[in-house]
Amino acid sequence: MFRKLHEPVAEAVTIHIEGVPVAAETGESVAAVLLREPVLWSRTTPVTRSKRAPYCMIGVCFDCLARVDGVASVQTCLTPVRDGMRVERQQGRRCLTA
Amino acid sequence: MHPDIIVIGAGAVGAAIAYGLARKRLRVLVLDGDDGDYRAARANFGLVWLQGKGLNMPVYQELTRRSVDLWPDFAAELASLTATDLQYEHNGGLVFCLGEDAFEKRRLDLQRLHNELGGAEADWQMLDRVELAKLFPKIRFGADVTGASFGRRDGHANPLRLLAALHAGIVRLGGDLRRNGAVRQIVPGDEGFTIVFGEENVSAPRLVIAAGLGCQVLARQLDLDIPLRPQRGQVLVTERLAPFLPLPASGLRQTREGTVMIGATHEETGFDISTTAVAAADLSRRTVRLVPALADATLVRQWAGLRIMTPDSCPIYALSRTYPGAFVALCHSGVTLAALHAVVLAEAIASGELPTSFDAFHQRRFDVPKAA
């Protein structure tokens, strides 16, 4: 688990990870918040189901994929937090919805 | 090793023939090009497909039918010999129809093919939208989907695993596979052929040219004029999705790992293997018309390959008259025809003659009188 060098005070927002409210700071990425979670992994891989967490933080490795506001396979390192955002860990292969 | 026969080309066609020759206990030397070559076998979509093939050339339908029927035993033997899972499934396949006209045209085309076959039991049927929805409860089809043709004998396999297994099978059966070289010259002699491969010379009494688009230049050295052109096909691949498409469809197939392959374009752009945004947009648009939920899927890859096209799109199998012992084999359906190449064609080549059932596929069908 990572820790911020300062506590989010100014412009704090709340996002929900698996339904649990988590404090975040405007301008940071969802992946940065996921890295501060006690449960570090944020998805399992499609074939072997091994656990993955945000890694490259620059949109290259795709290890930080998660469901954001109901949309699967979002690259959370490229997604800034927004107040009220709902984030869920992604298990295995994405399902087509609709 | 003094090979009995040399096969130039280790793509789907060359490798299947070489595997079949090795299976017949011939000492085979296979010469493969390098990664700078146009490798149709590595851009393949992976269908093992019958329905719709052979319009205007009934013998091609028969040939394809034979191969599709041989595929299960061929795949089982190759898989067990090389301990490779080819991911081969043959539970049928679909061609989706967008609009009423397309549905009717499809029905007429398949009926015509069926009539050309003469009397056999139909192994296809048209499914209307309601039947389609019943068969695939997990898919919500787009509003323009009027139905699909269902081919009972169609299927798919992982084309890269097929290629790797054929290569492994050749070696396993005592063949020799040499990679990363170019055939510079073919020299016919009294006792067969000498091939200049890279910096070395190799010789054998017999020769098979199965070098895809490279056949033209090579066969010309044996006085065989092969009319060929490249046709570009671009393919898109999505991220891995939970299984939703239990049967392969023309232009849409879900692999065992979950990716969805979307294809393919037919472009007359010469030897250009660029991918284009226009093709990505066209393929995406068509796919979303078929299955709107795929609009949310992330595309992870796009590639282009070159089909090996003859003027009538059908294969060429020829034995040189000037140089007996030299065969040419090429087609753009190397996966579907792999079983036929490994079993029937390889056995014919091993015997030194092509049976009369192959006569229609000689390239002389394209010869036209020079003077009208």
# chains A, B, ... in the order shown; residues from 1 in each chain; ligands from 1
>>> residues_around(residues="segment 146-162 of chain B", least_positions_apart="2", cutoff="8 Å", atoms="only C-alpha atoms", output="PyMOL selection string")
chain B and resi 12+41-42+44-51+68-69+84-100+103+106-107+123-132+143-144+164-166+247-248+255+335
>>> interface_residues(of="chain A", to="chain B", cutoff="9 Å", atoms="only C-alpha atoms", output="ChimeraX atom specification")
/A:46-47,71-73,92-98
>>> write_last_selection(atoms="C-alpha atoms", output="mmCIF file, in the first residue's frame")
data_model
loop_
_atom_site.group_PDB
_atom_site.id
_atom_site.type_symbol
_atom_site.label_atom_id
_atom_site.label_comp_id
_atom_site.auth_asym_id
_atom_site.auth_seq_id
_atom_site.Cartn_x
_atom_site.Cartn_y
_atom_site.Cartn_z
ATOM 1 C CA PRO A 46 -8.528 -12.677 -18.386
ATOM 2 C CA VAL A 47 -6.878 -16.073 -18.848
ATOM 3 C CA VAL A 71 -17.768 0.848 -17.761
ATOM 4 C CA ALA A 72 -15.329 -2.059 -17.817
ATOM 5 C CA SER A 73 -11.667 -2.031 -18.867
ATOM 6 C CA GLY A 92 -11.259 -11.837 -15.396
ATOM 7 C CA ARG A 93 -12.737 -11.200 -18.808
ATOM 8 C CA ARG A 94 -15.040 -8.338 -19.410
ATOM 9 C CA CYS A 95 -18.673 -9.192 -20.130
ATOM 10 C CA LEU A 96 -20.563 -7.609 -22.976
ATOM 11 C CA THR A 97 -23.551 -5.827 -21.516
ATOM 12 C CA ALA A 98 -26.793 -4.816 -23.213
#
>>> atom_distance(atom1="atom CA of Val196 of chain B", atom2="atom CA of Ala40 of chain B")
23.6 Å
>>> residues_around(residues="Met57 of chain A", least_positions_apart="6", cutoff="10 Å", atoms="only C-alpha atoms", output="MDAnalysis selection string")
chainID A and resid 29 31:32 63:64 75:78
>>> write_last_selection(atoms="C-alpha atoms", output="CSV table (one decimal), in the first residue's frame")
chain,number,residue,atom,x,y,z
A,29,SER,CA,-5.8,9.5,-11.2
A,31,ALA,CA,-5.0,4.4,-10.2
A,32,ALA,CA,-3.2,6.6,-7.7
A,63,ASP,CA,-2.6,-3.5,-15.6
A,64,CYS,CA,-4.7,-0.8,-13.9
A,75,GLN,CA,-7.4,2.6,-17.8
A,76,THR,CA,-7.6,4.1,-14.4
A,77,CYS,CA,-4.1,5.7,-14.6
A,78,LEU,CA,-5.4,7.9,-17.4
>>> residues_around(residues="Arg301 of chain B", least_positions_apart="4", cutoff="7 Å", atoms="only C-alpha atoms", output="PyMOL selection string")
chain B and resi 236-238
>>> closest_residue(among="A:Ser50, A:Arg3, A:Glu18, A:Gln90", to="Val33 of chain A", atoms="only C-alpha atoms")
A:Arg3
>>> select_by_dssp(residues="chain A", states="alpha helix (DSSP H)", output="PyMOL selection string")
chain A and resi 30-34
>>> closest_residue(among="A:Met85, A:Phe2, A:Val74, A:Ile58", to="Leu40 of chain A", atoms="only C-alpha atoms")
A:Phe2
>>> select_by_dssp(residues="chain A", states="strand (DSSP E)", output="PyMOL selection string")
chain A and resi 12-17+20-25+43-44+51-52+65-68+71-75+86-88
>>> closest_residue(among="B:Glu347, B:Asp32, B:Glu104, B:Glu191", to="Val7 of chain B", atoms="only C-alpha atoms")
B:Asp32
>>> residues_around(residues="Thr322 of chain B", least_positions_apart="3", cutoff="9 Å", atoms="only C-alpha atoms", output="compact mmCIF listing (two decimals) with C-alpha atoms, in the first residue's frame")
# COMPACT_ATOMS: atom_id res chain seq x y z
CA LEU B 222 10.68 -23.61 -64.31
CA ASP B 223 8.71 -22.15 -67.22
CA LEU B 224 5.46 -22.06 -65.26
CA ALA B 326 8.40 -29.95 -59.88
>>> decode(residues="segment 110-132 of chain B", atoms="N, CA and C atoms", output="PDB file, in the first residue's frame")
ATOM      1  N   LEU B 110     -26.354 -19.811 -51.846  1.00  0.00           N
ATOM      2  CA  LEU B 110     -26.120 -21.132 -51.254  1.00  0.00           C
ATOM      3  C   LEU B 110     -26.957 -22.193 -51.963  1.00  0.00           C
ATOM      4  N   GLN B 111     -28.157 -21.796 -52.401  1.00  0.00           N
ATOM      5  CA  GLN B 111     -28.996 -22.738 -53.144  1.00  0.00           C
ATOM      6  C   GLN B 111     -28.324 -23.119 -54.456  1.00  0.00           C
ATOM      7  N   ARG B 112     -27.720 -22.120 -55.106  1.00  0.00           N
ATOM      8  CA  ARG B 112     -27.047 -22.382 -56.381  1.00  0.00           C
ATOM      9  C   ARG B 112     -25.856 -23.327 -56.160  1.00  0.00           C
ATOM     10  N   LEU B 113     -25.081 -23.062 -55.108  1.00  0.00           N
ATOM     11  CA  LEU B 113     -23.953 -23.939 -54.795  1.00  0.00           C
ATOM     12  C   LEU B 113     -24.436 -25.353 -54.512  1.00  0.00           C
ATOM     13  N   HIS B 114     -25.546 -25.417 -53.815  1.00  0.00           N
ATOM     14  CA  HIS B 114     -26.093 -26.718 -53.461  1.00  0.00           C
ATOM     15  C   HIS B 114     -26.539 -27.470 -54.716  1.00  0.00           C
ATOM     16  N   ASN B 115     -27.168 -26.762 -55.623  1.00  0.00           N
ATOM     17  CA  ASN B 115     -27.611 -27.377 -56.874  1.00  0.00           C
ATOM     18  C   ASN B 115     -26.429 -27.890 -57.691  1.00  0.00           C
ATOM     19  N   GLU B 116     -25.325 -27.132 -57.659  1.00  0.00           N
ATOM     20  CA  GLU B 116     -24.143 -27.536 -58.421  1.00  0.00           C
ATOM     21  C   GLU B 116     -23.557 -28.828 -57.868  1.00  0.00           C
ATOM     22  N   LEU B 117     -23.811 -29.072 -56.591  1.00  0.00           N
ATOM     23  CA  LEU B 117     -23.290 -30.278 -55.954  1.00  0.00           C
ATOM     24  C   LEU B 117     -24.074 -31.508 -56.409  1.00  0.00           C
ATOM     25  N   GLY B 118     -25.350 -31.310 -56.682  1.00  0.00           N
ATOM     26  CA  GLY B 118     -26.158 -32.385 -57.231  1.00  0.00           C
ATOM     27  C   GLY B 118     -26.615 -33.436 -56.238  1.00  0.00           C
ATOM     28  N   GLY B 119     -27.775 -33.243 -55.669  1.00  0.00           N
ATOM     29  CA  GLY B 119     -28.422 -34.327 -54.952  1.00  0.00           C
ATOM     30  C   GLY B 119     -28.021 -34.585 -53.512  1.00  0.00           C
ATOM     31  N   ALA B 120     -26.929 -33.967 -53.073  1.00  0.00           N
ATOM     32  CA  ALA B 120     -26.506 -34.254 -51.698  1.00  0.00           C
ATOM     33  C   ALA B 120     -27.446 -33.594 -50.690  1.00  0.00           C
ATOM     34  N   GLU B 121     -27.400 -34.117 -49.492  1.00  0.00           N
ATOM     35  CA  GLU B 121     -28.216 -33.565 -48.422  1.00  0.00           C
ATOM     36  C   GLU B 121     -27.667 -32.183 -48.039  1.00  0.00           C
ATOM     37  N   ALA B 122     -28.571 -31.231 -47.811  1.00  0.00           N
ATOM     38  CA  ALA B 122     -28.128 -29.879 -47.496  1.00  0.00           C
ATOM     39  C   ALA B 122     -27.429 -29.854 -46.136  1.00  0.00           C
ATOM     40  N   ASP B 123     -26.265 -29.201 -46.084  1.00  0.00           N
ATOM     41  CA  ASP B 123     -25.581 -29.077 -44.797  1.00  0.00           C
ATOM     42  C   ASP B 123     -25.561 -27.610 -44.357  1.00  0.00           C
ATOM     43  N   TRP B 124     -26.548 -26.869 -44.845  1.00  0.00           N
ATOM     44  CA  TRP B 124     -26.671 -25.465 -44.464  1.00  0.00           C
ATOM     45  C   TRP B 124     -28.148 -25.119 -44.366  1.00  0.00           C
ATOM     46  N   GLN B 125     -28.449 -24.066 -43.679  1.00  0.00           N
ATOM     47  CA  GLN B 125     -29.815 -23.561 -43.664  1.00  0.00           C
ATOM     48  C   GLN B 125     -29.809 -22.063 -43.360  1.00  0.00           C
ATOM     49  N   MET B 126     -30.866 -21.403 -43.792  1.00  0.00           N
ATOM     50  CA  MET B 126     -31.004 -19.989 -43.473  1.00  0.00           C
ATOM     51  C   MET B 126     -31.743 -19.875 -42.138  1.00  0.00           C
ATOM     52  N   LEU B 127     -31.225 -19.023 -41.267  1.00  0.00           N
ATOM     53  CA  LEU B 127     -31.874 -18.763 -39.982  1.00  0.00           C
ATOM     54  C   LEU B 127     -32.398 -17.340 -40.003  1.00  0.00           C
ATOM     55  N   ASP B 128     -33.680 -17.176 -39.746  1.00  0.00           N
ATOM     56  CA  ASP B 128     -34.170 -15.799 -39.699  1.00  0.00           C
ATOM     57  C   ASP B 128     -33.819 -15.188 -38.340  1.00  0.00           C
ATOM     58  N   ARG B 129     -34.176 -13.943 -38.165  1.00  0.00           N
ATOM     59  CA  ARG B 129     -33.788 -13.197 -36.978  1.00  0.00           C
ATOM     60  C   ARG B 129     -34.270 -13.866 -35.682  1.00  0.00           C
ATOM     61  N   VAL B 130     -35.486 -14.391 -35.744  1.00  0.00           N
ATOM     62  CA  VAL B 130     -36.056 -15.011 -34.547  1.00  0.00           C
ATOM     63  C   VAL B 130     -35.282 -16.282 -34.176  1.00  0.00           C
ATOM     64  N   GLU B 131     -34.985 -17.093 -35.202  1.00  0.00           N
ATOM     65  CA  GLU B 131     -34.235 -18.332 -34.948  1.00  0.00           C
ATOM     66  C   GLU B 131     -32.821 -18.027 -34.447  1.00  0.00           C
ATOM     67  N   LEU B 132     -32.258 -16.977 -34.999  1.00  0.00           N
ATOM     68  CA  LEU B 132     -30.910 -16.565 -34.616  1.00  0.00           C
ATOM     69  C   LEU B 132     -30.879 -16.162 -33.138  1.00  0.00           C
TER      70      LEU B 132
END
